[in-house]
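Written below as structure tokens is the structure these notes are about.
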Amino acid sequence: MRVFGVVGWKNAGKTGLMERLVSEISARGFSVSTVKHAHHSFDVDHEGKDSYRHRRAGAAEVLLASRNRFALMHELRNEDEPTLEALLAKLAPVDLVLVEGYKRDRHPKVEAHRSVTGNPLIAPEDDTVRAVASDTELALDRPVFDLDDTKAIADFILQEVGL
């Protein structure tokens with residue numbers, strides 16, 4: 001599968017950019033899946049729900065299914081965090097997987113950047129960042145897009161992955 005990432009520091013606009021890119025690229029007729037890295041413990045089910053109770057009782061995996069969707073929860077229970085490669089192998093084939101986070105992995109990426117955060121750019125130190133989407137003009141050795149120019153960023157990503 002073709003993989004392209006969106007990285008950036010907290011409050012840089014990653015999630016909004018991801019959402020707009022999924023909408024734009026899927027509207028062009030391409031199938032898109034996403035992977036999101038969370039840096040903390042998270043829960044997709046809630047206390048009192050059957051799936052939560054199964055997981056808390058010790059189930060290694062809980063598959064929750066309906067006619068509209070299914071979700072598979074896997075408890076790591078002291079296992080190492082799975083690699084991005086291992087997670088990608090679990091996805092059904094699509095034209096493009098957009099990955100939010102995993103900034104240290106070696107797949108190609110666009111960096112979301114907002115000047116108000118005061119955070120340094122990742123791009124100058126990382127050759128896997130192929131472009132930057134920013135709310136301010138930047139002079140870099142790679143393309144810089146307006147953070148809100150979703151169409152241009154989508155065009156760039158699709159060209160980069162050969163779609």
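Following the order of the structure tokens, first chain is A, next is B, and so on, with residues numbered from 1 inside each chain and ligands from 1 in the order they appear.
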Write out, as CSV, each residue of region 98-143 of chain A that has an atom at most 10 Å from region 17-34 of chain A, together with the closest pair of atoms and their distance in Å to one decimal, counting only C-alpha atoms, rows going by chain and rising number.
residue,atom,partner,partner_atom,distance
A:Leu98,CA,A:Thr34,CA,4.8
A:Val99,CA,A:Thr34,CA,5.6
A:Glu100,CA,A:Met18,CA,7.2
A:Glu111,CA,A:Leu17,CA,10.0
A:Ala112,CA,A:Leu17,CA,7.6
A:Ala133,CA,A:Leu17,CA,8.9
What's around Leu63 (chain A) at 8 Å? Count only C-alpha atoms, leave out sequence neighbours fewer than 5 positions away in its own chain, and write the answer as a JSON list (two decimals) with all heavy atoms, in the first residue's frame.
[["chain", "number", "residue", "atom", "x", "y", "z"],
["A", 51, "SER", "N", -18.29, -4.56, 25.70],
["A", 51, "SER", "CA", -16.93, -4.74, 25.19],
["A", 51, "SER", "C", -15.90, -4.38, 26.25],
["A", 51, "SER", "O", -14.88, -5.05, 26.40],
["A", 51, "SER", "CB", -16.72, -3.90, 23.93],
["A", 51, "SER", "OG", -17.01, -2.53, 24.19],
["A", 70, "PHE", "N", -17.27, -2.52, 12.31],
["A", 70, "PHE", "CA", -16.72, -3.36, 13.36],
["A", 70, "PHE", "C", -15.44, -2.73, 13.87],
["A", 70, "PHE", "O", -14.80, -1.95, 13.18],
["A", 70, "PHE", "CB", -16.49, -4.82, 12.90],
["A", 70, "PHE", "CG", -15.34, -5.02, 11.96],
["A", 70, "PHE", "CD1", -14.05, -5.23, 12.44],
["A", 70, "PHE", "CD2", -15.54, -5.03, 10.59],
["A", 70, "PHE", "CE1", -13.00, -5.43, 11.58],
["A", 70, "PHE", "CE2", -14.49, -5.22, 9.73],
["A", 70, "PHE", "CZ", -13.21, -5.43, 10.21],
["A", 71, "ALA", "N", -15.12, -3.03, 15.09],
["A", 71, "ALA", "CA", -13.91, -2.51, 15.73],
["A", 71, "ALA", "C", -13.24, -3.66, 16.46],
["A", 71, "ALA", "O", -13.89, -4.41, 17.18],
["A", 71, "ALA", "CB", -14.25, -1.39, 16.71],
["A", 72, "LEU", "N", -11.95, -3.80, 16.26],
["A", 72, "LEU", "CA", -11.18, -4.81, 16.96],
["A", 72, "LEU", "C", -10.26, -4.12, 17.95],
["A", 72, "LEU", "O", -9.45, -3.28, 17.58],
["A", 72, "LEU", "CB", -10.34, -5.63, 15.97],
["A", 72, "LEU", "CG", -9.40, -6.66, 16.59],
["A", 72, "LEU", "CD1", -10.19, -7.73, 17.34],
["A", 72, "LEU", "CD2", -8.53, -7.29, 15.51],
["A", 73, "MET", "N", -10.43, -4.45, 19.21],
["A", 73, "MET", "CA", -9.56, -3.91, 20.25],
["A", 73, "MET", "C", -8.63, -5.03, 20.70],
["A", 73, "MET", "O", -9.07, -6.15, 20.95],
["A", 73, "MET", "CB", -10.39, -3.41, 21.43],
["A", 73, "MET", "CG", -11.21, -2.19, 21.09],
["A", 73, "MET", "SD", -12.38, -1.77, 22.37],
["A", 73, "MET", "CE", -13.68, -2.93, 22.00]]
#### Entry: Proximity to Ile122 (chain A) - best of A:His74, A:His40, A:Arg53, A:Lys109, only C-alpha atoms
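Between A:His74, A:His40, A:Arg53, A:Lys109, the residue approaching Ile122 (chain A) most closely is A:Lys109.
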### Task
Choose the residue, out of A:Ala123, A:Val94, A:Val132, A:Leu87, that has the smallest atom-to-atom separation from Ala152 (chain A); count only C-alpha atoms.
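Ranking A:Ala123, A:Val94, A:Val132, A:Leu87 by distance to Ala152 (chain A), first place goes to A:Val132.
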### Query
Any idea what's packed within 9 Å of Lys10 (chain A), counting only C-alpha atoms, ignoring anything in its chain fewer than 2 positions away? Could you give it as a PyMOL selection string?
chain A and resi 8+12-14+117+119
With N, CA, C and O atoms retained, could you export that selection as a CSV table (one decimal), in the first residue's frame?
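This is the output file result-v7.csv:
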chain,number,residue,atom,x,y,z
A,8,GLY,N,3.9,16.8,13.0
A,8,GLY,CA,4.0,18.1,13.5
A,8,GLY,C,3.8,18.0,15.0
A,8,GLY,O,3.4,17.0,15.6
A,12,ALA,N,-0.4,21.9,15.9
A,12,ALA,CA,0.1,22.4,14.6
A,12,ALA,C,-0.9,22.3,13.5
A,12,ALA,O,-0.7,22.8,12.4
A,13,GLY,N,-2.0,21.6,13.8
A,13,GLY,CA,-3.0,21.4,12.7
A,13,GLY,C,-3.0,20.1,12.0
A,13,GLY,O,-3.6,19.9,11.0
A,14,LYS,N,-2.4,19.1,12.6
A,14,LYS,CA,-2.3,17.8,12.0
A,14,LYS,C,-3.7,17.1,11.8
A,14,LYS,O,-4.0,16.7,10.7
A,117,THR,N,2.5,28.3,17.7
A,117,THR,CA,2.9,27.3,18.7
A,117,THR,C,4.3,27.6,19.2
A,117,THR,O,4.7,27.2,20.3
A,119,ASN,N,6.9,26.2,18.1
A,119,ASN,CA,7.7,25.0,18.0
A,119,ASN,C,8.6,25.1,16.8
A,119,ASN,O,8.3,25.7,15.8
